[in-house]
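query.txt (compact mmCIF, C-alpha atoms) appears below.
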# COMPACT_ATOMS: atom_id res chain seq x y z
CA MET A 1 0.00 0.00 0.00
CA ALA A 2 1.40 3.37 -1.01
CA GLN A 3 2.23 5.64 1.92
CA GLU A 4 -0.07 8.66 2.24
CA GLN A 5 1.71 11.90 1.41
CA PRO A 6 1.51 14.89 3.80
CA VAL A 7 -0.57 16.83 1.28
CA GLU A 8 -3.18 14.07 1.04
CA HIS A 9 -3.31 13.81 4.82
CA HIS A 10 -4.06 17.53 5.14
CA LEU A 11 -6.78 17.38 2.48
CA ARG A 12 -8.68 14.75 4.42
CA ASP A 13 -8.80 17.12 7.40
CA LEU A 14 -10.24 19.97 5.30
CA ARG A 15 -13.58 18.38 4.54
CA VAL A 16 -16.13 20.97 5.62
CA PRO A 17 -18.58 19.41 8.11
CA ARG A 18 -22.10 19.27 6.72
CA GLU A 19 -23.46 20.85 9.91
CA PHE A 20 -22.13 24.18 8.68
CA ALA A 21 -24.95 24.18 6.10
CA LYS A 22 -27.42 24.91 8.93
CA TYR A 23 -25.06 26.82 11.18
CA ASP A 24 -27.26 29.94 11.38
CA THR A 25 -30.18 27.94 12.76
CA GLN A 26 -28.12 25.57 14.89
CA THR A 27 -29.18 25.54 18.56
CA ASP A 28 -27.23 22.56 19.88
CA ALA A 29 -24.41 24.04 21.97
CA GLU A 30 -22.32 20.88 21.62
CA VAL A 31 -22.47 21.02 17.83
CA ILE A 32 -21.61 24.72 17.77
CA VAL A 33 -18.56 24.20 19.98
CA ARG A 34 -17.41 21.27 17.82
CA LEU A 35 -17.76 23.32 14.64
CA GLU A 36 -15.82 26.24 16.12
CA GLN A 37 -13.05 23.87 17.16
CA TRP A 38 -12.94 22.42 13.65
CA LYS A 39 -12.76 25.94 12.23
CA GLN A 40 -9.69 26.71 14.38
CA ARG A 41 -8.02 23.43 13.39
CA ALA A 42 -8.72 24.15 9.72
CA CYS A 43 -6.55 27.25 9.91
CA ASN A 44 -3.64 25.17 11.20
CA VAL A 45 -4.21 22.51 8.56
CA LEU A 46 -4.21 25.11 5.76
CA SER A 47 -0.94 26.54 7.05
CA ALA A 48 0.57 23.06 7.18
CA LEU A 49 -0.70 22.32 3.65
CA ARG A 50 0.92 25.49 2.36
CA GLU A 51 4.21 24.43 3.94
CA SER A 52 3.93 20.93 2.47
CA LEU A 53 3.32 22.30 -1.02
CA HIS A 54 6.44 24.43 -0.74
CA ASN A 55 8.48 21.35 0.19
CA GLN A 56 6.90 18.84 -2.21
CA ASP A 57 8.34 18.82 -5.71
CA ALA A 58 5.66 17.17 -7.84
CA VAL A 59 1.93 16.74 -7.25
CA ALA A 60 -0.28 14.50 -9.38
CA SER A 61 -3.11 16.15 -11.34
CA GLU A 62 -5.79 14.33 -9.33
CA ILE A 63 -4.24 15.63 -6.09
CA LYS A 64 -4.04 19.15 -7.55
CA ALA A 65 -7.75 18.97 -8.35
CA GLU A 66 -8.47 17.80 -4.81
CA ILE A 67 -6.37 20.65 -3.40
CA ILE A 68 -8.33 23.20 -5.44
CA TYR A 69 -11.63 21.73 -4.32
CA ARG A 70 -10.78 21.60 -0.62
CA VAL A 71 -8.93 24.92 -0.45
CA SER A 72 -11.24 27.00 -2.66
CA ALA A 73 -13.95 26.20 -0.10
CA PHE A 74 -12.19 28.80 2.06
CA ASP A 75 -11.84 31.41 -0.71
CA GLY A 76 -15.10 33.18 -0.02
CA ASP A 77 -17.64 33.57 2.72
CA GLY A 78 -19.17 31.03 5.07
CA PRO A 79 -19.42 30.27 8.77
CA TRP A 80 -16.43 27.92 8.42
CA VAL A 81 -14.21 30.68 6.95
CA SER A 82 -12.13 33.09 9.04
CA ASP A 83 -10.12 35.98 7.64
CA PHE A 84 -6.90 34.12 8.38
CA CYS A 85 -8.13 30.93 6.67
CA ARG A 86 -9.20 32.93 3.62
CA ALA A 87 -5.78 34.61 3.34
CA VAL A 88 -3.92 31.29 3.60
CA ALA A 89 -6.30 29.65 1.12
CA GLN A 90 -5.76 32.43 -1.41
CA ASP A 91 -2.01 32.02 -0.96
CA ILE A 92 -2.28 28.28 -1.67
CA LEU A 93 -4.55 28.81 -4.67
CA SER A 94 -2.04 31.24 -6.14
CA PHE A 95 -0.01 28.11 -7.02
CA PHE A 96 -2.82 27.27 -9.47
CA LYS A 97 -3.59 30.71 -10.93
CA ASP A 98 -2.72 29.45 -14.43
CA THR A 99 -5.17 26.55 -14.16
CA ASN A 100 -5.89 24.82 -17.49
CA ILE A 101 -9.11 23.26 -18.70
CA ASP A 102 -7.96 19.73 -17.84
CA LEU A 103 -7.41 20.58 -14.19
CA LEU A 104 -10.72 22.44 -13.88
CA GLU A 105 -12.45 19.46 -15.50
CA LEU A 106 -10.97 17.17 -12.87
CA VAL A 107 -12.22 19.45 -10.09
CA LEU A 108 -15.75 19.57 -11.50
CA ARG A 109 -16.03 15.99 -12.74
CA ASN A 110 -14.50 14.23 -9.71
CA ASN A 111 -15.79 16.45 -6.90
CA VAL A 112 -18.80 18.53 -7.99
CA LYS A 113 -20.71 16.40 -10.50
CA PRO A 114 -21.14 13.35 -8.21
CA ILE A 115 -22.84 15.56 -5.62
CA PHE A 116 -25.45 16.97 -8.02
CA ILE A 117 -26.07 13.83 -10.03
CA VAL A 118 -28.12 12.50 -7.10
CA ASN A 119 -30.72 15.22 -7.74
CA PRO A 120 -30.45 16.10 -11.45
CA HIS A 121 -32.18 19.26 -12.61
CA PRO A 122 -35.37 18.22 -14.47
CA ASN A 123 -34.82 20.67 -17.36
CA ILE A 124 -31.13 20.02 -18.02
CA ASN A 125 -29.33 17.17 -19.78
CA ILE A 126 -26.58 16.46 -17.25
CA GLU A 127 -24.27 15.02 -19.92
CA THR A 128 -24.45 17.96 -22.36
CA GLY A 129 -25.66 20.96 -20.37
CA ARG A 130 -28.47 21.50 -22.88
CA LYS A 131 -32.11 22.25 -22.17
CA LEU A 132 -34.25 19.12 -22.34
CA PRO A 133 -37.18 19.24 -24.81
CA HIS A 134 -39.47 18.11 -21.96
CA SER A 135 -38.99 18.14 -18.22
CA ALA A 136 -37.65 14.84 -16.91
CA GLY A 137 -40.18 12.99 -14.79
CA GLY A 138 -43.20 14.71 -16.33
CA PRO A 139 -45.23 17.59 -14.89
CA LEU A 140 -44.47 16.60 -11.29
CA GLY A 141 -40.82 15.77 -11.86
CA HIS A 142 -39.72 18.89 -10.01
CA LEU A 143 -41.11 17.43 -6.79
CA ASP A 144 -38.66 14.51 -6.93
CA TYR A 145 -35.90 16.98 -7.73
CA LEU A 146 -36.62 18.95 -4.55
CA GLU A 147 -36.48 15.86 -2.32
CA ALA A 148 -33.34 14.67 -0.51
CA GLN A 149 -31.16 17.51 -1.80
CA GLU A 150 -27.79 15.99 -1.01
CA TRP A 151 -25.92 18.97 -2.44
CA LYS A 152 -27.12 21.14 0.42
CA SER A 153 -25.03 18.99 2.76
CA HIS A 154 -21.92 20.35 1.01
CA PRO A 155 -21.88 24.03 1.98
CA GLU A 156 -18.50 24.54 0.33
CA ILE A 157 -19.83 23.95 -3.21
CA TYR A 158 -20.75 27.57 -3.90
CA ASN A 159 -17.22 28.84 -3.15
CA VAL A 160 -15.74 26.07 -5.29
CA LEU A 161 -17.97 26.86 -8.27
CA SER A 162 -17.23 30.57 -7.87
CA TRP A 163 -13.49 29.94 -7.96
CA CYS A 164 -13.78 27.71 -11.03
CA LEU A 165 -15.89 30.28 -12.90
CA GLU A 166 -13.45 33.06 -12.00
CA HIS A 167 -10.63 31.04 -13.63
CA ALA A 168 -12.54 29.88 -16.71
CA GLU A 169 -12.23 31.90 -19.91
CA GLY A 170 -14.65 31.69 -22.83
CA ARG A 171 -13.08 28.62 -24.43
CA VAL A 172 -12.89 26.87 -21.07
CA VAL A 173 -16.51 27.69 -20.22
CA GLU A 174 -17.63 26.19 -23.52
CA GLY A 175 -15.55 23.05 -22.96
CA LEU A 176 -16.90 22.56 -19.44
CA TRP A 177 -20.47 23.67 -20.15
CA HIS A 178 -21.91 20.28 -19.22
CA LEU A 179 -20.20 20.49 -15.83
CA PHE A 180 -21.06 24.12 -15.02
CA ILE A 181 -24.73 24.36 -16.04
CA PRO A 182 -26.36 21.57 -13.95
CA PRO A 183 -25.13 22.83 -10.55
CA ILE A 184 -25.70 26.50 -11.47
CA MET A 185 -29.31 25.82 -12.50
CA THR A 186 -29.84 23.74 -9.37
CA TYR A 187 -28.85 26.70 -7.20
CA LEU A 188 -30.87 29.18 -9.27
CA ASP A 189 -34.08 27.12 -9.22
CA ASP A 190 -34.03 26.15 -5.56
CA TYR A 191 -37.05 26.97 -3.42
CA GLN A 192 -34.98 28.73 -0.75
CA ALA A 193 -34.16 32.37 -1.43
CA ALA A 194 -30.63 32.13 0.01
CA TYR A 195 -29.64 29.46 -2.54
CA LYS A 196 -31.39 31.34 -5.35
CA LEU A 197 -29.27 34.37 -4.50
CA GLU A 198 -26.10 32.31 -4.76
CA GLY A 199 -27.40 30.95 -8.05
CA VAL A 200 -27.84 34.49 -9.41
CA HIS A 201 -24.24 35.31 -8.46
CA LEU A 202 -23.03 32.16 -10.25
CA VAL A 203 -25.02 33.09 -13.38
CA SER A 204 -23.51 36.57 -13.29
CA MET A 205 -20.01 35.07 -13.22
CA LEU A 206 -20.92 32.63 -16.00
CA LEU A 207 -22.14 35.42 -18.28
CA ARG A 208 -18.77 37.18 -18.16
CA ASN A 209 -17.28 34.54 -20.43
CA ALA A 210 -20.19 32.49 -21.81
CA PRO A 211 -20.47 32.88 -25.61
CA ALA A 212 -23.86 34.22 -26.73
CA GLY A 213 -24.16 31.56 -29.40
CA LEU A 214 -23.62 28.81 -26.85
CA LEU A 215 -26.33 30.19 -24.57
CA ARG A 216 -28.82 30.28 -27.43
CA ARG A 217 -27.76 26.99 -29.02
CA THR A 218 -28.18 25.02 -25.81
CA GLY A 219 -31.47 26.68 -24.87
CA VAL A 220 -29.99 27.76 -21.56
CA ASP A 221 -30.72 31.43 -22.30
CA ALA A 222 -34.47 30.80 -22.09
CA LEU A 223 -34.10 28.81 -18.86
CA LEU A 224 -31.99 31.54 -17.26
CA LEU A 225 -34.44 34.28 -18.27
CA ALA A 226 -37.37 32.41 -16.77
CA SER A 227 -35.46 31.55 -13.58
CA LEU A 228 -34.20 35.10 -13.06
CA LYS A 229 -37.76 36.41 -13.41
CA THR A 230 -38.87 33.84 -10.85
CA CYS A 231 -36.29 35.25 -8.45
CA LEU A 232 -38.22 38.52 -8.53
CA THR A 233 -41.33 36.78 -7.20
CA PHE A 234 -39.68 35.84 -3.87
CA LEU A 235 -40.96 38.95 -2.13
CA HIS A 236 -41.24 38.13 1.56
CA ASN A 237 -37.84 36.71 2.44
CA ALA A 238 -34.87 38.20 4.26
CA GLU A 239 -32.91 37.97 1.00
CA THR A 240 -35.57 39.64 -1.20
CA HIS A 241 -33.83 43.01 -1.55
CA GLN A 242 -30.53 41.28 -2.30
CA LEU A 243 -32.23 39.07 -4.90
CA ILE A 244 -33.66 42.12 -6.66
CA ARG A 245 -30.33 43.95 -6.67
CA ALA A 246 -28.56 40.89 -8.06
CA ALA A 247 -31.18 39.46 -10.43
CA VAL A 248 -32.07 42.65 -12.33
CA PRO A 249 -28.56 43.52 -13.63
CA THR A 250 -27.92 39.83 -14.36
CA TYR A 251 -31.16 39.63 -16.36
CA ILE A 252 -30.23 42.75 -18.32
CA HIS A 253 -26.73 41.41 -18.98
CA LEU A 254 -28.24 38.16 -20.28
CA VAL A 255 -30.68 40.01 -22.55
CA LYS A 256 -27.91 42.21 -23.97
CA THR A 257 -25.70 39.17 -24.51
CA THR A 258 -28.26 37.02 -26.32
CA THR A 259 -30.28 39.58 -28.33
CA SER A 260 -29.49 42.19 -30.97
CA PRO A 261 -29.74 45.95 -30.27
CA GLY A 262 -33.08 47.31 -31.42
CA SER A 263 -34.60 43.86 -31.92
CA ALA A 264 -38.17 43.06 -30.97
CA THR A 265 -36.92 40.21 -28.79
CA ARG A 266 -34.75 42.52 -26.69
CA PHE A 267 -37.57 45.04 -26.39
CA ASP A 268 -40.08 42.40 -25.28
CA GLN A 269 -37.74 40.87 -22.71
CA LEU A 270 -36.90 44.25 -21.17
CA CYS A 271 -40.58 45.25 -21.15
CA SER A 272 -41.34 42.00 -19.36
CA LEU A 273 -38.76 42.87 -16.71
CA LEU A 274 -40.07 46.39 -16.11
CA GLY A 275 -43.78 45.88 -16.72
CA ASP A 276 -44.36 42.40 -15.32
CA SER A 277 -41.65 41.91 -12.70
CA ILE A 278 -41.13 45.41 -11.26
CA ILE A 279 -44.39 47.31 -11.80
CA GLY A 280 -46.82 44.40 -11.96
CA ASN A 281 -45.26 42.26 -9.26
CA ILE A 282 -42.92 43.94 -6.77
CA TRP A 283 -44.82 47.24 -6.62
CA VAL A 284 -48.14 45.42 -6.24
CA TYR A 285 -47.37 42.49 -3.96
CA ALA A 286 -44.49 43.94 -1.90
CA SER A 287 -45.98 47.38 -1.27
CA ARG A 288 -45.22 47.08 2.45
CA GLU A 289 -41.71 45.67 2.01
CA LEU A 290 -39.68 48.89 2.01
CA ASP A 291 -36.34 47.11 1.49
CA ALA A 292 -37.71 45.36 -1.60
CA LEU A 293 -39.25 48.56 -2.94
CA GLU A 294 -36.02 50.50 -2.41
CA ALA A 295 -34.07 47.78 -4.21
CA SER A 296 -36.51 47.97 -7.13
CA LEU A 297 -36.10 51.76 -7.29
CA GLN A 298 -32.33 51.39 -7.40
CA ALA A 299 -32.74 49.00 -10.33
CA ILE A 300 -34.86 51.40 -12.41
CA PRO A 301 -32.00 53.50 -13.92
CA GLU A 302 -30.29 50.46 -15.44
CA ILE A 303 -33.56 49.07 -16.76
CA VAL A 304 -34.74 52.30 -18.42
CA GLU A 305 -31.27 52.94 -19.86
CA ALA A 306 -31.46 49.56 -21.59
CA LEU A 307 -35.11 50.01 -22.66
CA GLY A 308 -34.73 53.60 -23.84
CA ILE A 309 -37.73 55.52 -25.15
CA GLY A 310 -39.78 52.35 -24.83
CA THR A 311 -39.98 53.22 -21.14
CA SER A 312 -42.58 55.86 -22.05
CA ARG A 313 -45.30 53.22 -22.31
CA TYR A 314 -44.99 52.82 -18.52
CA LEU A 315 -45.02 56.51 -17.51
CA LYS A 316 -48.52 56.26 -16.01
CA ALA A 317 -47.18 53.72 -13.55
CA LEU A 318 -43.65 55.04 -13.12
CA VAL A 319 -44.19 58.75 -12.44
CA PRO A 320 -46.76 58.43 -9.60
CA GLN A 321 -44.72 55.67 -7.94
CA LEU A 322 -41.46 57.64 -8.16
CA VAL A 323 -42.80 61.01 -7.00
CA PHE A 324 -44.78 59.61 -4.07
CA PRO A 325 -41.77 59.08 -1.73
CA LEU A 326 -40.63 62.68 -2.34
CA VAL A 327 -43.87 64.22 -1.06
CA PRO A 328 -43.98 64.76 2.74
CA ALA A 329 -47.13 63.23 4.22
CA PRO A 330 -48.21 61.79 7.60
CA GLY A 331 -47.95 58.17 6.43
CA ASN A 332 -44.95 58.71 4.19
CA ASP A 333 -41.93 58.47 6.48
CA VAL A 334 -39.47 56.68 4.21
CA SER A 335 -35.75 57.13 4.75
CA THR A 336 -33.59 59.67 2.96
CA THR A 337 -31.86 56.78 1.20
CA TYR A 338 -35.23 55.64 -0.15
CA LYS A 339 -36.04 59.18 -1.36
CA LEU A 340 -32.63 59.41 -3.01
CA ALA A 341 -33.23 56.13 -4.85
CA SER A 342 -36.60 57.45 -5.99
CA ALA A 343 -35.12 60.77 -7.18
CA ARG A 344 -32.37 59.01 -9.14
CA ALA A 345 -34.88 56.65 -10.74
CA LEU A 346 -37.07 59.62 -11.68
CA SER A 347 -34.07 61.41 -13.17
CA ALA A 348 -33.29 58.38 -15.34
CA VAL A 349 -36.91 58.13 -16.51
CA ILE A 350 -37.03 61.84 -17.38
CA TYR A 351 -33.82 61.57 -19.37
CA VAL A 352 -34.88 58.63 -21.58
CA CYS A 353 -38.50 59.80 -22.00
CA GLN A 354 -37.86 63.45 -22.86
CA PRO A 355 -40.43 63.66 -25.69
CA ARG A 356 -43.22 62.47 -23.35
CA ILE A 357 -42.28 64.22 -20.09
CA TYR A 358 -43.88 67.61 -20.79
CA LYS A 359 -47.38 66.46 -19.77
CA TRP A 360 -45.96 65.20 -16.45
CA ARG A 361 -44.02 68.36 -15.62
CA GLY A 362 -46.57 69.63 -13.08
CA THR A 363 -46.68 66.38 -11.12
CA ILE A 364 -42.91 66.05 -11.07
CA LEU A 365 -42.20 69.72 -10.26
CA SER A 366 -44.74 69.68 -7.40
CA ALA A 367 -43.04 66.69 -5.79
CA ILE A 368 -39.59 68.23 -6.20
CA LEU A 369 -40.67 71.51 -4.59
CA LYS A 370 -42.37 69.83 -1.64
CA CYS A 371 -39.33 67.65 -0.97
CA TRP A 372 -37.04 70.69 -1.28
CA VAL A 373 -39.08 72.69 1.24
CA ASP A 374 -39.18 69.75 3.65
CA LEU A 375 -35.41 69.40 3.55
CA ALA A 376 -34.95 73.16 3.92
CA ASP A 377 -37.17 73.18 7.02
CA ARG A 378 -35.07 70.51 8.64
CA SER A 379 -31.79 72.40 8.00
CA THR A 380 -29.94 69.11 8.18
CA GLU A 381 -26.25 68.59 7.55
CA ASP A 382 -26.69 64.88 6.99
CA PRO A 383 -24.54 63.80 3.98
CA GLU A 384 -27.39 61.80 2.45
CA ALA A 385 -29.78 64.74 2.78
CA LEU A 386 -27.23 67.01 1.08
CA THR A 387 -26.88 64.46 -1.70
CA LEU A 388 -30.66 64.41 -2.07
CA LEU A 389 -30.71 68.23 -2.34
CA SER A 390 -28.13 68.01 -5.11
CA GLU A 391 -30.18 65.33 -6.88
CA LEU A 392 -33.29 67.51 -6.68
CA GLN A 393 -31.35 70.38 -8.25
CA HIS A 394 -30.28 68.08 -11.06
CA LEU A 395 -33.85 66.84 -11.51
CA CYS A 396 -35.22 70.38 -11.69
CA ALA A 397 -32.50 71.53 -14.08
CA THR A 398 -33.20 68.59 -16.39
CA LEU A 399 -36.92 69.27 -16.29
CA THR A 400 -36.31 72.95 -17.03
CA VAL A 401 -34.23 72.16 -20.11
CA ILE A 402 -36.75 69.65 -21.44
CA CYS A 403 -39.81 71.84 -20.82
CA ARG A 404 -38.01 75.08 -21.75
CA ARG A 405 -37.37 77.90 -19.34
CA SER A 406 -40.16 79.91 -20.97
CA ASP A 407 -42.76 77.73 -19.23
CA PRO A 408 -44.59 80.15 -16.89
CA GLU A 409 -44.88 77.55 -14.12
CA PHE A 410 -41.19 77.85 -13.31
CA ASP A 411 -41.37 81.66 -13.12
CA ARG A 412 -44.41 81.55 -10.85
CA VAL A 413 -42.56 79.24 -8.45
CA LEU A 414 -39.58 81.60 -8.33
CA ILE A 415 -41.80 84.59 -7.55
CA LEU A 416 -43.24 82.75 -4.54
CA ASN A 417 -39.89 82.67 -2.72
CA PRO A 418 -36.75 83.65 -4.67
CA ALA A 419 -34.47 82.96 -1.70
CA LEU A 420 -35.82 79.44 -1.17
CA PHE A 421 -36.29 78.28 -4.76
CA GLY A 422 -33.61 80.28 -6.56
CA SER A 423 -30.84 77.71 -6.01
CA LEU A 424 -33.22 74.92 -7.01
CA LEU A 425 -34.57 76.39 -10.24
CA TYR A 426 -31.38 78.01 -11.45
CA ALA A 427 -28.79 75.34 -10.73
CA SER A 428 -26.34 74.66 -13.53
CA GLU A 429 -28.19 73.06 -16.42
CA PRO A 430 -27.20 69.55 -17.44
CA SER A 431 -26.78 68.49 -21.04
CA VAL A 432 -29.70 66.33 -22.13

Spit out the file's structure as structure tokens when you get a sec.
Amino acid sequence: MAQEQPVEHHLRDLRVPREFAKYDTQTDAEVIVRLEQWKQRACNVLSALRESLHNQDAVASEIKAEIIYRVSAFDGDGPWVSDFCRAVAQDILSFFKDTNIDLLELVLRNNVKPIFIVNPHPNINIETGRKLPHSAGGPLGHLDYLEAQEWKSHPEIYNVLSWCLEHAEGRVVEGLWHLFIPPIMTYLDDYQAAYKLEGVHLVSMLLRNAPAGLLRRTGVDALLLASLKTCLTFLHNAETHQLIRAAVPTYIHLVKTTTSPGSATRFDQLCSLLGDSIIGNIWVYASRELDALEASLQAIPEIVEALGIGTSRYLKALVPQLVFPLVPAPGNDVSTTYKLASARALSAVIYVCQPRIYKWRGTILSAILKCWVDLADRSTEDPEALTLLSELQHLCATLTVICRRSDPEFDRVLILNPALFGSLLYASEPSV
């Protein structure tokens, strides 16, 4: 029997205990103490592994793949990761910064694929990474897929996949498509919001190097679009605001990658995002979830920039929703950060919908003035409030340029109180 090398011995001690998967809800004091002790030992093991690698001349490819799998588990976040462990892990992984496709394939095929093959995604061919013509298992196949999810007992998988995607260029992604897509889609389509969020981050990393033709050819583009829209329906979870902030830019990136500028397909997909997911879903069914609403407001500028003048079809929904937070009222006590997000979203809408904004000038100007007076009455030196004042000046200047300074409404406002409104109405004009 061959003698076990020091490196292999250390790797065996770096297997992340499955109890870490439920660490946040763990109540057993014994288990918590044991996990903390393991975490401290892991730091020592990583240091010893680093020393062994310095002293060991040659390492077999299979052992290299095992090193990457075990050590990349510490290159990220997790209850088993300390700052010291992360630093040592990154130092060890620097030995493999020029990782080739063969080594990444070993990592994914030998360590990741066996974990997910127990619960294959019903819409993905696990051998090719292509979309199946029909869901495996029939209409109720997804129920079997959600049972006995063995992969959730391996909390390190997300960090491993992240590391592999970070080190995979376009050619490598295409070559390992069948190994990347099944676990990514499994994360993205999970019923728990925390795993969906990790799935969105994995998709975002995938899109950096995934060829557009490959996404379309395999049918994965349609699956990703549908799954990302589903993420925006998880409205009453602790991760909802994070899901919105992550899913919207990822959706837009996917649309821009897989569709042509000016095409009907791109227009329809972006309209679906704004009209169905934001206006028709989040603003309707999460009207009391301020974190979710604020996240949706922060997403508006990127959406309307991509949609362009097509945004004007939604002005009847957008303008009232965006001006409402700016108007002081007894039941309207949103934070300054929320108001700032609303003002920035309104500014983006005004900019892309210039030909249609004139009829909304009164509604918008009224909200700006009321918010300006409210802030002036408070005489606050809060940095966010000062930023909001600046944003209101920019909003008013943009509106003035679009609606022309000759509009009598602006002059009537100035006559009311030149000292109060002068700096608002006559701020430097932006180029529009």

Between CA of Ala89 (chain A) and CA of Gln149 (chain A), what distance in Å does the model show, to one decimal? 27.8 Å

List as number ranges by chain the protein and nucleic acid residues near Cys353 (chain A), meaning an atom at most 8 Å away when all atoms listed in the file are counted, but skip any in the same chain fewer than 6 places from it. A: 308-309, 311-312

Of the listed residues A:Ser82, A:Arg361, A:Leu290, A:Leu318, that which approaches Ser335 (chain A) most closely, counting only C-alpha atoms: A:Leu290

Need to verify the contact set: Asp190 (chain A), 10 Å, all atoms listed in the file, exclusion of same-chain residues closer than 6 positions in sequence. Can you return it as an MDAnalysis selection string? chainID A and resid 145:146 149 196:197 199 227 231

Which neighbours of region 264-274 of chain A fall inside 12 Å, counting all atoms listed in the file, when residues of the same chain fewer than 4 positions from it are skipped, and could you give them as a ChimeraX atom specification? /A:221-222,225-226,228-233,244,247-260,278-283,296-297,299-315,317-318

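For the residues A:Asn119, A:Leu93, A:Thr128, A:Val172, ranking by smallest atom-to-atom distance to Trp151 (chain A) using only C-alpha atoms places A:Asn119 first.
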
Residue rebuild result region 68-85 of chain A, N, CA and C atoms as a short mmCIF file (atom, residue, chain, number, x, y, z; two decimals), in the frame of the given file:
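What follows is the written file out.cif:
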data_model
loop_
_atom_site.label_atom_id
_atom_site.label_comp_id
_atom_site.auth_asym_id
_atom_site.auth_seq_id
_atom_site.Cartn_x
_atom_site.Cartn_y
_atom_site.Cartn_z
N ILE A 68 -7.50 22.06 -5.02
CA ILE A 68 -8.33 23.20 -5.44
C ILE A 68 -9.72 23.09 -4.84
N TYR A 69 -10.28 21.89 -4.87
CA TYR A 69 -11.63 21.73 -4.32
C TYR A 69 -11.67 22.03 -2.83
N ARG A 70 -10.76 21.44 -2.07
CA ARG A 70 -10.78 21.60 -0.62
C ARG A 70 -10.40 23.01 -0.19
N VAL A 71 -9.44 23.61 -0.87
CA VAL A 71 -8.93 24.92 -0.45
C VAL A 71 -9.82 26.06 -0.95
N SER A 72 -10.38 25.93 -2.15
CA SER A 72 -11.24 27.00 -2.66
C SER A 72 -12.51 27.13 -1.82
N ALA A 73 -12.82 26.11 -1.03
CA ALA A 73 -13.95 26.20 -0.10
C ALA A 73 -13.76 27.34 0.90
N PHE A 74 -12.50 27.74 1.11
CA PHE A 74 -12.19 28.80 2.06
C PHE A 74 -11.95 30.14 1.37
N ASP A 75 -12.04 30.17 0.04
CA ASP A 75 -11.84 31.41 -0.71
C ASP A 75 -13.19 32.05 -0.97
N GLY A 76 -13.76 32.60 0.07
CA GLY A 76 -15.10 33.18 -0.02
C GLY A 76 -15.67 33.37 1.36
N ASP A 77 -16.97 33.38 1.44
CA ASP A 77 -17.64 33.57 2.72
C ASP A 77 -18.29 32.28 3.19
N GLY A 78 -18.53 32.20 4.48
CA GLY A 78 -19.17 31.03 5.07
C GLY A 78 -18.83 30.97 6.54
N PRO A 79 -19.68 30.34 7.34
CA PRO A 79 -19.42 30.27 8.77
C PRO A 79 -18.18 29.46 9.12
N TRP A 80 -17.65 28.70 8.18
CA TRP A 80 -16.43 27.92 8.42
C TRP A 80 -15.16 28.69 8.00
N VAL A 81 -15.34 29.91 7.49
CA VAL A 81 -14.21 30.68 6.95
C VAL A 81 -13.88 31.84 7.88
N SER A 82 -12.63 31.92 8.30
CA SER A 82 -12.13 33.09 9.04
C SER A 82 -11.26 33.91 8.10
N ASP A 83 -10.97 35.13 8.48
CA ASP A 83 -10.12 35.98 7.64
C ASP A 83 -8.75 35.36 7.43
N PHE A 84 -8.22 34.75 8.49
CA PHE A 84 -6.90 34.12 8.38
C PHE A 84 -6.95 32.94 7.42
N CYS A 85 -7.99 32.09 7.57
CA CYS A 85 -8.13 30.93 6.67
C CYS A 85 -8.24 31.38 5.22
#
